[in-house]
file upload-v5.cif (mmCIF, C-alpha atoms)
data_data
loop_
_atom_site.group_PDB
_atom_site.id
_atom_site.type_symbol
_atom_site.label_atom_id
_atom_site.label_comp_id
_atom_site.auth_asym_id
_atom_site.auth_seq_id
_atom_site.Cartn_x
_atom_site.Cartn_y
_atom_site.Cartn_z
ATOM 1 C CA MET L 1 -1.827 21.654 18.564
ATOM 2 C CA THR L 2 0.474 22.697 15.749
ATOM 3 C CA ALA L 3 -0.073 24.846 12.690
ATOM 4 C CA LEU L 4 -0.712 22.924 9.478
ATOM 5 C CA ASP L 5 1.963 23.035 6.793
ATOM 6 C CA GLY L 6 -0.716 23.588 4.127
ATOM 7 C CA ASP L 7 0.855 21.841 1.103
ATOM 8 C CA MET L 8 -2.019 19.345 0.827
ATOM 9 C CA LYS L 9 -4.948 21.565 1.711
ATOM 10 C CA ASP L 10 -8.164 20.504 -0.057
ATOM 11 C CA LYS L 11 -6.685 17.080 -0.863
ATOM 12 C CA THR L 12 -8.297 13.837 0.273
ATOM 13 C CA CYS L 13 -6.045 10.856 0.989
ATOM 14 C CA MET L 14 -6.414 7.242 2.058
ATOM 15 C CA VAL L 15 -3.539 5.347 3.700
ATOM 16 C CA THR L 16 -3.874 1.624 4.400
ATOM 17 C CA GLY L 17 -1.920 -0.092 7.138
ATOM 18 C CA ALA L 18 -1.819 3.286 8.831
ATOM 19 C CA THR L 19 -1.837 2.471 12.555
ATOM 20 C CA ASN L 20 1.904 1.755 12.798
ATOM 21 C CA GLY L 21 5.196 1.996 10.989
ATOM 22 C CA ILE L 22 5.564 3.928 7.764
ATOM 23 C CA GLY L 23 1.807 3.980 7.183
ATOM 24 C CA LEU L 24 1.252 5.840 10.437
ATOM 25 C CA VAL L 25 4.024 8.330 9.672
ATOM 26 C CA THR L 26 2.634 8.876 6.156
ATOM 27 C CA ALA L 27 -0.876 9.526 7.459
ATOM 28 C CA LYS L 28 0.404 11.897 10.145
ATOM 29 C CA LYS L 29 2.504 13.919 7.706
ATOM 30 C CA LEU L 30 -0.252 14.224 5.105
ATOM 31 C CA ALA L 31 -2.652 15.397 7.813
ATOM 32 C CA ARG L 32 -0.071 17.897 9.017
ATOM 33 C CA MET L 33 0.150 19.197 5.454
ATOM 34 C CA GLY L 34 -3.584 19.906 5.553
ATOM 35 C CA ALA L 35 -5.058 16.869 3.801
ATOM 36 C CA ALA L 36 -8.224 15.093 4.828
ATOM 37 C CA VAL L 37 -6.939 11.595 5.669
ATOM 38 C CA THR L 38 -8.732 8.275 6.012
ATOM 39 C CA VAL L 39 -6.792 5.752 8.090
ATOM 40 C CA VAL L 40 -7.435 2.097 7.212
ATOM 41 C CA SER L 41 -6.268 -0.834 9.321
ATOM 42 C CA ARG L 42 -7.557 -4.017 10.942
ATOM 43 C CA SER L 43 -8.206 -3.057 14.577
ATOM 44 C CA PRO L 44 -11.128 -0.685 15.294
ATOM 45 C CA GLU L 45 -9.551 0.346 18.588
ATOM 46 C CA ARG L 46 -6.181 1.127 17.048
ATOM 47 C CA CYS L 47 -7.802 2.920 14.106
ATOM 48 C CA GLN L 48 -9.827 5.133 16.418
ATOM 49 C CA ALA L 49 -6.856 5.861 18.673
ATOM 50 C CA THR L 50 -4.659 6.645 15.663
ATOM 51 C CA ALA L 51 -7.186 9.015 14.104
ATOM 52 C CA GLU L 52 -7.680 10.822 17.423
ATOM 53 C CA ARG L 53 -3.922 11.084 17.937
ATOM 54 C CA ILE L 54 -3.351 12.523 14.461
ATOM 55 C CA ARG L 55 -6.150 15.059 14.904
ATOM 56 C CA LEU L 56 -4.760 16.180 18.250
ATOM 57 C CA GLU L 57 -1.093 16.318 17.245
ATOM 58 C CA ASN L 58 -1.710 18.165 13.980
ATOM 59 C CA GLY L 59 -4.727 20.322 14.741
ATOM 60 C CA ASN L 60 -6.468 18.833 11.722
ATOM 61 C CA PRO L 61 -10.033 17.617 12.380
ATOM 62 C CA GLN L 62 -10.308 16.003 8.920
ATOM 63 C CA VAL L 63 -8.977 12.595 9.934
ATOM 64 C CA ASP L 64 -11.310 9.606 9.939
ATOM 65 C CA PHE L 65 -10.885 5.842 9.854
ATOM 66 C CA ILE L 66 -12.299 2.623 8.455
ATOM 67 C CA ALA L 67 -11.412 -0.585 10.291
ATOM 68 C CA ALA L 68 -11.217 -3.658 8.063
ATOM 69 C CA ASP L 69 -9.344 -6.902 7.456
ATOM 70 C CA LEU L 70 -7.801 -6.230 4.052
ATOM 71 C CA SER L 71 -7.173 -9.920 3.420
ATOM 72 C CA SER L 72 -10.937 -10.312 2.922
ATOM 73 C CA LEU L 73 -12.521 -9.421 -0.417
ATOM 74 C CA GLY L 74 -15.783 -8.546 1.291
ATOM 75 C CA GLU L 75 -14.047 -6.258 3.759
ATOM 76 C CA ILE L 76 -12.193 -4.486 0.952
ATOM 77 C CA ARG L 77 -15.516 -3.887 -0.788
ATOM 78 C CA ARG L 78 -16.926 -2.480 2.449
ATOM 79 C CA VAL L 79 -13.963 -0.091 2.796
ATOM 80 C CA ALA L 80 -14.538 1.246 -0.713
ATOM 81 C CA GLN L 81 -18.279 1.623 -0.180
ATOM 82 C CA GLU L 82 -17.930 3.354 3.202
ATOM 83 C CA PHE L 83 -15.314 5.716 1.815
ATOM 84 C CA MET L 84 -17.369 6.666 -1.239
ATOM 85 C CA THR L 85 -20.443 7.226 0.945
ATOM 86 C CA GLU L 86 -18.554 9.838 2.971
ATOM 87 C CA HIS L 87 -16.230 11.328 0.331
ATOM 88 C CA SER L 88 -16.771 12.586 -3.194
ATOM 89 C CA ARG L 89 -13.074 12.643 -4.134
ATOM 90 C CA LEU L 90 -9.806 10.771 -3.546
ATOM 91 C CA ASP L 91 -6.661 12.617 -4.570
ATOM 92 C CA VAL L 92 -4.120 10.165 -3.148
ATOM 93 C CA LEU L 93 -4.391 6.433 -2.441
ATOM 94 C CA VAL L 94 -1.434 4.936 -0.582
ATOM 95 C CA ASN L 95 -1.593 1.127 -0.690
ATOM 96 C CA ASN L 96 0.671 0.257 2.221
ATOM 97 C CA ALA L 97 -0.930 -2.589 4.203
ATOM 98 C CA GLY L 98 0.864 -5.928 3.956
ATOM 99 C CA GLY L 99 2.419 -8.794 5.829
ATOM 100 C CA PHE L 100 5.003 -11.576 5.939
ATOM 101 C CA PHE L 101 3.955 -15.121 6.852
ATOM 102 C CA MET L 102 6.297 -18.054 7.427
ATOM 103 C CA ARG L 103 3.545 -20.650 7.176
ATOM 104 C CA ARG L 104 1.020 -21.001 4.405
ATOM 105 C CA CYS L 105 -2.563 -20.262 5.334
ATOM 106 C CA GLU L 106 -5.665 -19.167 3.480
ATOM 107 C CA THR L 107 -8.112 -16.328 3.946
ATOM 108 C CA ILE L 108 -11.847 -16.576 4.448
ATOM 109 C CA ASP L 109 -12.075 -16.477 0.629
ATOM 110 C CA GLY L 110 -9.763 -19.500 0.248
ATOM 111 C CA ILE L 111 -6.875 -17.385 -1.095
ATOM 112 C CA GLU L 112 -3.285 -17.731 0.125
ATOM 113 C CA LEU L 113 -2.785 -15.005 2.733
ATOM 114 C CA THR L 114 0.376 -13.308 1.413
ATOM 115 C CA PHE L 115 -1.080 -13.124 -2.095
ATOM 116 C CA ALA L 116 -4.383 -11.840 -0.704
ATOM 117 C CA ILE L 117 -3.141 -9.034 1.510
ATOM 118 C CA ASN L 118 0.036 -7.994 -0.312
ATOM 119 C CA HIS L 119 -1.317 -8.063 -3.865
ATOM 120 C CA LEU L 120 -5.041 -8.698 -4.244
ATOM 121 C CA ASN L 121 -5.792 -6.091 -1.578
ATOM 122 C CA TYR L 122 -3.950 -3.421 -3.600
ATOM 123 C CA PHE L 123 -5.581 -4.563 -6.827
ATOM 124 C CA LEU L 124 -9.188 -4.731 -5.632
ATOM 125 C CA LEU L 125 -9.192 -1.607 -3.465
ATOM 126 C CA THR L 126 -7.661 0.418 -6.285
ATOM 127 C CA ARG L 127 -10.123 -0.915 -8.846
ATOM 128 C CA LEU L 128 -13.129 -0.201 -6.615
ATOM 129 C CA LEU L 129 -11.989 3.364 -5.927
ATOM 130 C CA LEU L 130 -10.690 4.069 -9.432
ATOM 131 C CA GLU L 131 -13.651 6.035 -10.787
ATOM 132 C CA THR L 132 -13.576 8.298 -7.727
ATOM 133 C CA ILE L 133 -9.810 8.734 -8.169
ATOM 134 C CA LYS L 134 -10.214 9.541 -11.877
ATOM 135 C CA ALA L 135 -12.905 12.093 -11.065
ATOM 136 C CA SER L 136 -10.412 13.779 -8.717
ATOM 137 C CA ALA L 137 -7.615 14.047 -11.300
ATOM 138 C CA PRO L 138 -4.873 15.041 -11.146
ATOM 139 C CA ALA L 139 -4.602 12.229 -8.606
ATOM 140 C CA ARG L 140 -1.997 9.736 -7.438
ATOM 141 C CA ILE L 141 -1.856 6.022 -6.600
ATOM 142 C CA ILE L 142 1.165 4.883 -4.584
ATOM 143 C CA ASN L 143 1.963 1.210 -4.069
ATOM 144 C CA VAL L 144 4.460 0.309 -1.360
ATOM 145 C CA SER L 145 6.590 -2.533 -2.700
ATOM 146 C CA SER L 146 10.126 -3.563 -1.711
ATOM 147 C CA ASP L 147 13.511 -4.359 -3.156
ATOM 148 C CA ALA L 148 12.685 -7.882 -2.009
ATOM 149 C CA HIS L 149 11.055 -8.150 -5.450
ATOM 150 C CA ARG L 150 14.495 -8.347 -7.047
ATOM 151 C CA GLY L 151 15.298 -11.919 -8.035
ATOM 152 C CA ALA L 152 11.683 -13.043 -7.682
ATOM 153 C CA SER L 153 9.717 -14.646 -10.496
ATOM 154 C CA LEU L 154 6.134 -15.837 -10.804
ATOM 155 C CA ASN L 155 4.979 -19.391 -11.455
ATOM 156 C CA PHE L 156 1.567 -18.917 -13.026
ATOM 157 C CA ASN L 157 0.911 -22.653 -12.666
ATOM 158 C CA ASP L 158 1.142 -22.282 -8.877
ATOM 159 C CA LEU L 159 0.624 -18.583 -8.213
ATOM 160 C CA GLN L 160 -0.668 -19.203 -4.682
ATOM 161 C CA ASN L 161 2.154 -21.607 -3.792
ATOM 162 C CA LYS L 162 0.045 -24.643 -2.965
ATOM 163 C CA ARG L 163 2.806 -27.058 -3.948
ATOM 164 C CA ARG L 164 5.811 -25.446 -2.308
ATOM 165 C CA TYR L 165 5.717 -22.627 0.217
ATOM 166 C CA ALA L 166 8.659 -20.656 1.604
ATOM 167 C CA GLY L 167 7.856 -17.462 3.482
ATOM 168 C CA PHE L 168 10.471 -15.081 2.092
ATOM 169 C CA ARG L 169 10.169 -16.374 -1.478
ATOM 170 C CA VAL L 170 6.383 -15.907 -1.393
ATOM 171 C CA TYR L 171 6.780 -12.441 0.128
ATOM 172 C CA SER L 172 9.269 -11.514 -2.618
ATOM 173 C CA GLN L 173 6.830 -12.702 -5.281
ATOM 174 C CA SER L 174 4.097 -10.515 -3.781
ATOM 175 C CA LYS L 175 6.375 -7.486 -3.935
ATOM 176 C CA LEU L 176 7.099 -8.264 -7.596
ATOM 177 C CA MET L 177 3.327 -8.364 -8.123
ATOM 178 C CA ASN L 178 3.112 -4.858 -6.637
ATOM 179 C CA VAL L 179 5.489 -3.547 -9.294
ATOM 180 C CA LEU L 180 3.891 -5.475 -12.159
ATOM 181 C CA PHE L 181 0.479 -4.177 -11.042
ATOM 182 C CA THR L 182 1.782 -0.603 -10.859
ATOM 183 C CA TYR L 183 3.216 -0.680 -14.365
ATOM 184 C CA GLU L 184 0.106 -2.297 -15.874
ATOM 185 C CA LEU L 185 -2.110 0.176 -14.022
ATOM 186 C CA ASP L 186 -0.031 3.028 -15.430
ATOM 187 C CA ARG L 187 -0.507 1.702 -18.970
ATOM 188 C CA ARG L 188 -4.272 1.524 -18.446
ATOM 189 C CA LEU L 189 -4.433 5.020 -16.916
ATOM 190 C CA GLN L 190 -2.813 6.842 -19.821
ATOM 191 C CA GLY L 191 -4.600 10.135 -20.463
ATOM 192 C CA SER L 192 -6.676 9.954 -17.258
ATOM 193 C CA GLY L 193 -4.642 12.430 -15.205
ATOM 194 C CA VAL L 194 -3.996 9.721 -12.595
ATOM 195 C CA THR L 195 -0.441 8.569 -11.880
ATOM 196 C CA ALA L 196 0.646 5.213 -10.437
ATOM 197 C CA ASN L 197 4.062 4.615 -8.892
ATOM 198 C CA ALA L 198 5.680 1.949 -6.714
ATOM 199 C CA LEU L 199 8.379 2.362 -4.097
ATOM 200 C CA HIS L 200 10.912 0.653 -1.874
ATOM 201 C CA PRO L 201 10.815 2.197 1.625
ATOM 202 C CA GLY L 202 14.080 0.619 2.757
ATOM 203 C CA PHE L 203 14.608 -1.813 5.621
ATOM 204 C CA VAL L 204 12.577 -0.153 8.344
ATOM 205 C CA ALA L 205 12.352 -0.857 12.082
ATOM 206 C CA THR L 206 8.640 -1.644 12.535
ATOM 207 C CA GLY L 207 6.495 -4.491 13.855
ATOM 208 C CA PHE L 208 6.869 -6.209 10.468
ATOM 209 C CA ALA L 209 7.050 -10.059 10.584
ATOM 210 C CA LYS L 210 6.748 -10.243 14.371
ATOM 211 C CA ASN L 211 3.454 -12.086 13.917
ATOM 212 C CA ASN L 212 5.441 -15.241 13.072
ATOM 213 C CA GLY L 213 6.064 -16.507 16.600
ATOM 214 C CA ALA L 214 8.503 -16.093 19.472
ATOM 215 C CA LEU L 215 11.643 -16.667 17.392
ATOM 216 C CA PHE L 216 10.810 -13.789 15.052
ATOM 217 C CA ARG L 217 9.886 -11.536 17.974
ATOM 218 C CA LEU L 218 13.330 -12.186 19.428
ATOM 219 C CA PHE L 219 15.210 -12.029 16.117
ATOM 220 C CA MET L 220 13.649 -8.969 14.467
ATOM 221 C CA PRO L 221 14.839 -6.364 17.026
ATOM 222 C CA LEU L 222 18.407 -7.621 16.473
ATOM 223 C CA ALA L 223 17.993 -7.613 12.685
ATOM 224 C CA GLN L 224 16.618 -4.085 12.843
ATOM 225 C CA LEU L 225 19.520 -2.578 14.782
ATOM 226 C CA GLY L 226 20.784 -0.875 11.627
ATOM 227 C CA ALA L 227 17.356 -0.315 10.110
ATOM 228 C CA LEU L 228 15.760 2.953 9.115
ATOM 229 C CA SER L 229 13.329 4.635 11.455
ATOM 230 C CA PRO L 230 9.661 4.686 10.339
ATOM 231 C CA GLU L 231 10.105 8.437 9.742
ATOM 232 C CA GLU L 232 12.978 7.749 7.337
ATOM 233 C CA GLY L 233 11.145 4.836 5.715
ATOM 234 C CA ALA L 234 8.042 6.925 5.050
ATOM 235 C CA ARG L 235 9.867 9.703 3.216
ATOM 236 C CA THR L 236 9.401 8.266 -0.280
ATOM 237 C CA SER L 237 5.700 7.522 0.288
ATOM 238 C CA ILE L 238 5.165 11.101 1.486
ATOM 239 C CA TYR L 239 7.227 12.461 -1.404
ATOM 240 C CA LEU L 240 5.175 10.567 -4.003
ATOM 241 C CA ALA L 241 1.924 11.615 -2.329
ATOM 242 C CA SER L 242 2.672 15.316 -2.062
ATOM 243 C CA SER L 243 5.664 16.613 -4.003
ATOM 244 C CA PRO L 244 5.112 18.821 -7.076
ATOM 245 C CA GLU L 245 8.349 17.319 -8.422
ATOM 246 C CA VAL L 246 6.427 14.175 -9.407
ATOM 247 C CA ASP L 247 3.418 15.873 -10.988
ATOM 248 C CA GLY L 248 2.574 13.741 -14.019
ATOM 249 C CA VAL L 249 5.330 11.191 -13.289
ATOM 250 C CA SER L 250 3.908 7.676 -13.569
ATOM 251 C CA GLY L 251 4.874 4.052 -14.040
ATOM 252 C CA ARG L 252 8.125 4.371 -12.112
ATOM 253 C CA TYR L 253 9.784 2.639 -9.176
ATOM 254 C CA PHE L 254 11.241 4.888 -6.481
ATOM 255 C CA THR L 255 13.709 4.541 -3.648
ATOM 256 C CA LYS L 256 15.111 7.364 -1.518
ATOM 257 C CA GLU L 257 12.819 9.770 -3.434
ATOM 258 C CA LYS L 258 14.514 8.889 -6.734
ATOM 259 C CA ALA L 259 13.195 6.894 -9.695
ATOM 260 C CA VAL L 260 15.359 3.803 -10.274
ATOM 261 C CA ALA L 261 15.141 0.672 -12.403
ATOM 262 C CA SER L 262 13.210 -2.210 -10.896
ATOM 263 C CA SER L 263 14.014 -5.856 -11.656
ATOM 264 C CA PRO L 264 14.031 -7.124 -15.260
ATOM 265 C CA GLU L 265 11.084 -9.427 -14.422
ATOM 266 C CA SER L 266 8.966 -6.431 -13.383
ATOM 267 C CA TYR L 267 8.983 -5.038 -16.943
ATOM 268 C CA ASP L 268 7.445 -8.183 -18.470
ATOM 269 C CA GLU L 269 4.203 -6.820 -19.941
ATOM 270 C CA GLN L 270 2.854 -10.272 -20.740
ATOM 271 C CA SER L 271 3.235 -11.326 -17.095
ATOM 272 C CA ALA L 272 1.644 -8.073 -15.935
ATOM 273 C CA ARG L 273 -1.388 -8.583 -18.191
ATOM 274 C CA ARG L 274 -1.716 -12.219 -17.110
ATOM 275 C CA LEU L 275 -1.536 -11.261 -13.431
ATOM 276 C CA TRP L 276 -4.178 -8.578 -14.050
ATOM 277 C CA GLU L 277 -6.583 -11.046 -15.651
ATOM 278 C CA ILE L 278 -6.101 -13.634 -12.897
ATOM 279 C CA SER L 279 -6.631 -10.935 -10.269
ATOM 280 C CA LEU L 280 -9.876 -9.846 -11.967
ATOM 281 C CA GLU L 281 -11.150 -13.409 -11.773
ATOM 282 C CA LEU L 282 -10.125 -13.966 -8.145
ATOM 283 C CA ALA L 283 -11.612 -10.617 -7.085
ATOM 284 C CA HIS L 284 -14.859 -11.426 -8.903
ATOM 285 C CA LEU L 285 -14.696 -8.286 -11.017
#
call {"tool": "encode", "arguments": {"input": "upload-v5.cif", "output": "structure tokens"}}
result
Amino acid sequence: MTALDGDMKDKTCMVTGATNGIGLVTAKKLARMGAAVTVVSRSPERCQATAERIRLENGNPQVDFIAADLSSLGEIRRVAQEFMTEHSRLDVLVNNAGGFFMRRCETIDGIELTFAINHLNYFLLTRLLLETIKASAPARIINVSSDAHRGASLNFNDLQNKRRYAGFRVYSQSKLMNVLFTYELDRRLQGSGVTANALHPGFVATGFAKNNGALFRLFMPLAQLGALSPEEGARTSIYLASSPEVDGVSGRYFTKEKAVASSPESYDEQSARRLWEISLELAHL
């Protein structure tokens, strides 16, 4: 066991997609800093093993988990309900879970999978937990996006890409949605004491996209030869979750722990409001 760093003592955090990659590193570091951390991911076995590993490595017993498929609206609702049953506060929400899919498929709710897990998951989980987050203010919401959003645009007549699907284009659109959602959320949180920021972690060597068949499993290790380590990729998420330097900073897009301009399309307030309203309808809110 190791001594806790102590910077996040008395803070409660949730990290989604936290059993591998930058989500795992983020959860481990926040626990090491003294936070109570809830790990959220799909596999119950991996969630349990991850929580036990973090507790052991950091000497912090305040690590629990909720296993759920975050592409399912019902499962997202269960995550929120289980969390609020066990916890009275949420100081930091890190929306990190996501995926890349070469072929179009739909979730149990009939929603295109990339849209569901990369955007609607962030939107619904945040909305369901928002009153708890507000009651914990000052609090922080962190949305992991990507520079893949640059150059993307949204077709509101075919937002779920039923007519024409291309894996990287659809992924890029979902990352643009992350930024649009962050900025609209920030506008709606004014005066609440809750901040909302998005970030680009960099190109990170993880298991990302290897779910797309043998070719991707062979190609990705080669593509990732010059990639960042998960520890390097998680730095901005950890920074936004814990640093006093960003107290009160909201509605920004960060890379390498610095606020930078996102794409011109991401500042379109009309698109952000339209996406918000469509998301409300699809999430049955």
call {"tool": "residues_around", "arguments": {"input": "upload-v5.cif", "residues": "stretch 99-114 of chain L", "least_positions_apart": "2", "cutoff": "6 Å", "atoms": "only C-alpha atoms", "output": "number ranges by chain"}}
result
L: 116-118, 160, 167, 209
call {"tool": "residues_around", "arguments": {"input": "upload-v5.cif", "residues": "L:Asp158", "least_positions_apart": "5", "cutoff": "12 Å", "atoms": "only C-alpha atoms", "output": "PyMOL selection string"}}
result
chain L and resi 112+115+153+163-165+170+173+278
call {"tool": "write_last_selection", "arguments": {"input": "upload-v5.cif", "atoms": "C-alpha atoms", "output": "PDB file, in the frame of the given file"}}
result
ATOM      1  CA  GLU L 112      -3.285 -17.731   0.125  1.00  0.00           C
ATOM      2  CA  PHE L 115      -1.080 -13.124  -2.095  1.00  0.00           C
ATOM      3  CA  SER L 153       9.717 -14.646 -10.496  1.00  0.00           C
ATOM      4  CA  ARG L 163       2.806 -27.058  -3.948  1.00  0.00           C
ATOM      5  CA  ARG L 164       5.811 -25.446  -2.308  1.00  0.00           C
ATOM      6  CA  TYR L 165       5.717 -22.627   0.217  1.00  0.00           C
ATOM      7  CA  VAL L 170       6.383 -15.907  -1.393  1.00  0.00           C
ATOM      8  CA  GLN L 173       6.830 -12.702  -5.281  1.00  0.00           C
ATOM      9  CA  ILE L 278      -6.101 -13.634 -12.897  1.00  0.00           C
TER      10      ILE L 278
END
call {"tool": "closest_residue", "arguments": {"input": "upload-v5.cif", "among": "L:Ala152, L:Leu129, L:Leu280, L:Val249", "to": "L:Asn95", "atoms": "all atoms listed in the file"}}
result
L:Leu129
call {"tool": "closest_residue", "arguments": {"input": "upload-v5.cif", "among": "L:Glu86, L:Asp268, L:Asp247, L:Asp69", "to": "L:Gly98", "atoms": "all atoms listed in the file"}}
result
L:Asp69
call {"tool": "closest_residue", "arguments": {"input": "upload-v5.cif", "among": "L:Ile22, L:Leu125, L:Ala49, L:Ala137", "to": "L:His200", "atoms": "all atoms listed in the file"}}
result
L:Ile22
call {"tool": "axis_aligned_box", "arguments": {"input": "upload-v5.cif", "around": "stretch 233-237 of chain L", "padding_each_side": "6 Å", "output": "JSON"}}
result
{"center_x": 8.4, "center_y": 7.3, "center_z": 2.7, "size_x": 17.4, "size_y": 16.9, "size_z": 18.0}
call {"tool": "residues_around", "arguments": {"input": "upload-v5.cif", "residues": "stretch 88-93 of chain L", "least_positions_apart": "3", "cutoff": "6 Å", "atoms": "all atoms listed in the file", "output": "compact mmCIF listing (two decimals) with C-alpha atoms, in the frame of the given file"}}
result
# COMPACT_ATOMS: atom_id res chain seq x y z
CA LYS L 11 -6.68 17.08 -0.86
CA THR L 12 -8.30 13.84 0.27
CA CYS L 13 -6.04 10.86 0.99
CA MET L 14 -6.41 7.24 2.06
CA THR L 132 -13.58 8.30 -7.73
CA ILE L 133 -9.81 8.73 -8.17
CA SER L 136 -10.41 13.78 -8.72
CA ALA L 139 -4.60 12.23 -8.61
CA ARG L 140 -2.00 9.74 -7.44
CA ILE L 141 -1.86 6.02 -6.60
call {"tool": "atom_distance", "arguments": {"input": "upload-v5.cif", "atom1": "atom CA of L:Asn121", "atom2": "atom CA of L:Ile76"}}
result
7.1 Å
call {"tool": "residues_around", "arguments": {"input": "upload-v5.cif", "residues": "L:Lys29", "least_positions_apart": "3", "cutoff": "10 Å", "atoms": "all atoms listed in the file", "output": "list in words"}}
result
Leu4, Asp5, Met8, Gly23, Leu24, Val25, Thr26, Arg32, Met33, Gly34, Ala35, Val37, Ile54, Asn58, Glu231, Ala234, Arg235, Ile238 and Ser242 of chain L
call {"tool": "atom_distance", "arguments": {"input": "upload-v5.cif", "atom1": "atom CA of L:Ser279", "atom2": "atom CA of L:Leu73"}}
result
11.6 Å
call {"tool": "resolve_selection", "arguments": {"input": "upload-v5.cif", "expression": "the PyMOL selection byres ((chain L and resi 198) around 9)", "output": "PyMOL selection string"}}
result
chain L and resi 141-146+178-179+182-183+196-197+199-200+237+251-255
call {"tool": "residues_around", "arguments": {"input": "upload-v5.cif", "residues": "L:Gly191", "least_positions_apart": "2", "cutoff": "12 Å", "atoms": "all atoms listed in the file", "output": "ChimeraX atom specification"}}
result
/L:134,137-138,186-189,193-195,248,250
call {"tool": "write_last_selection", "arguments": {"input": "upload-v5.cif", "atoms": "C-alpha atoms", "output": "PDB file, in the coordinates of the input"}}
result
ATOM      1  CA  LYS L 134     -10.214   9.541 -11.877  1.00  0.00           C
ATOM      2  CA  ALA L 137      -7.615  14.047 -11.300  1.00  0.00           C
ATOM      3  CA  PRO L 138      -4.873  15.041 -11.146  1.00  0.00           C
ATOM      4  CA  ASP L 186      -0.031   3.028 -15.430  1.00  0.00           C
ATOM      5  CA  ARG L 187      -0.507   1.702 -18.970  1.00  0.00           C
ATOM      6  CA  ARG L 188      -4.272   1.524 -18.446  1.00  0.00           C
ATOM      7  CA  LEU L 189      -4.433   5.020 -16.916  1.00  0.00           C
ATOM      8  CA  GLY L 193      -4.642  12.430 -15.205  1.00  0.00           C
ATOM      9  CA  VAL L 194      -3.996   9.721 -12.595  1.00  0.00           C
ATOM     10  CA  THR L 195      -0.441   8.569 -11.880  1.00  0.00           C
ATOM     11  CA  GLY L 248       2.574  13.741 -14.019  1.00  0.00           C
ATOM     12  CA  SER L 250       3.908   7.676 -13.569  1.00  0.00           C
TER      13      SER L 250
END
call {"tool": "residues_near_point", "arguments": {"input": "upload-v5.cif", "point": "(0.4, -4.8, -20.7)", "cutoff": "8 Å", "atoms": "all atoms listed in the file", "output": "number ranges by chain"}}
result
L: 184, 187, 269-273
call {"tool": "closest_residue", "arguments": {"input": "upload-v5.cif", "among": "L:Gly74, L:Pro61, L:Gly202, L:Gly17", "to": "L:Val40", "atoms": "all atoms listed in the file"}}
result
L:Gly17
call {"tool": "closest_residue", "arguments": {"input": "upload-v5.cif", "among": "L:Thr19, L:Met84, L:Leu30, L:Leu180", "to": "L:Arg53", "atoms": "only C-alpha atoms"}}
result
L:Thr19
call {"tool": "atom_distance", "arguments": {"input": "upload-v5.cif", "atom1": "atom CA of L:Glu82", "atom2": "atom CA of L:Gly59"}}
result
24.4 Å
call {"tool": "resolve_selection", "arguments": {"input": "upload-v5.cif", "expression": "the PyMOL selection byres ((chain L and resi 148) around 8)", "output": "list of chain:residue names"}}
result
L:Ser146, L:Asp147, L:His149, L:Arg150, L:Gly151, L:Ala152, L:Tyr171, L:Ser172, L:Lys175, L:Leu176
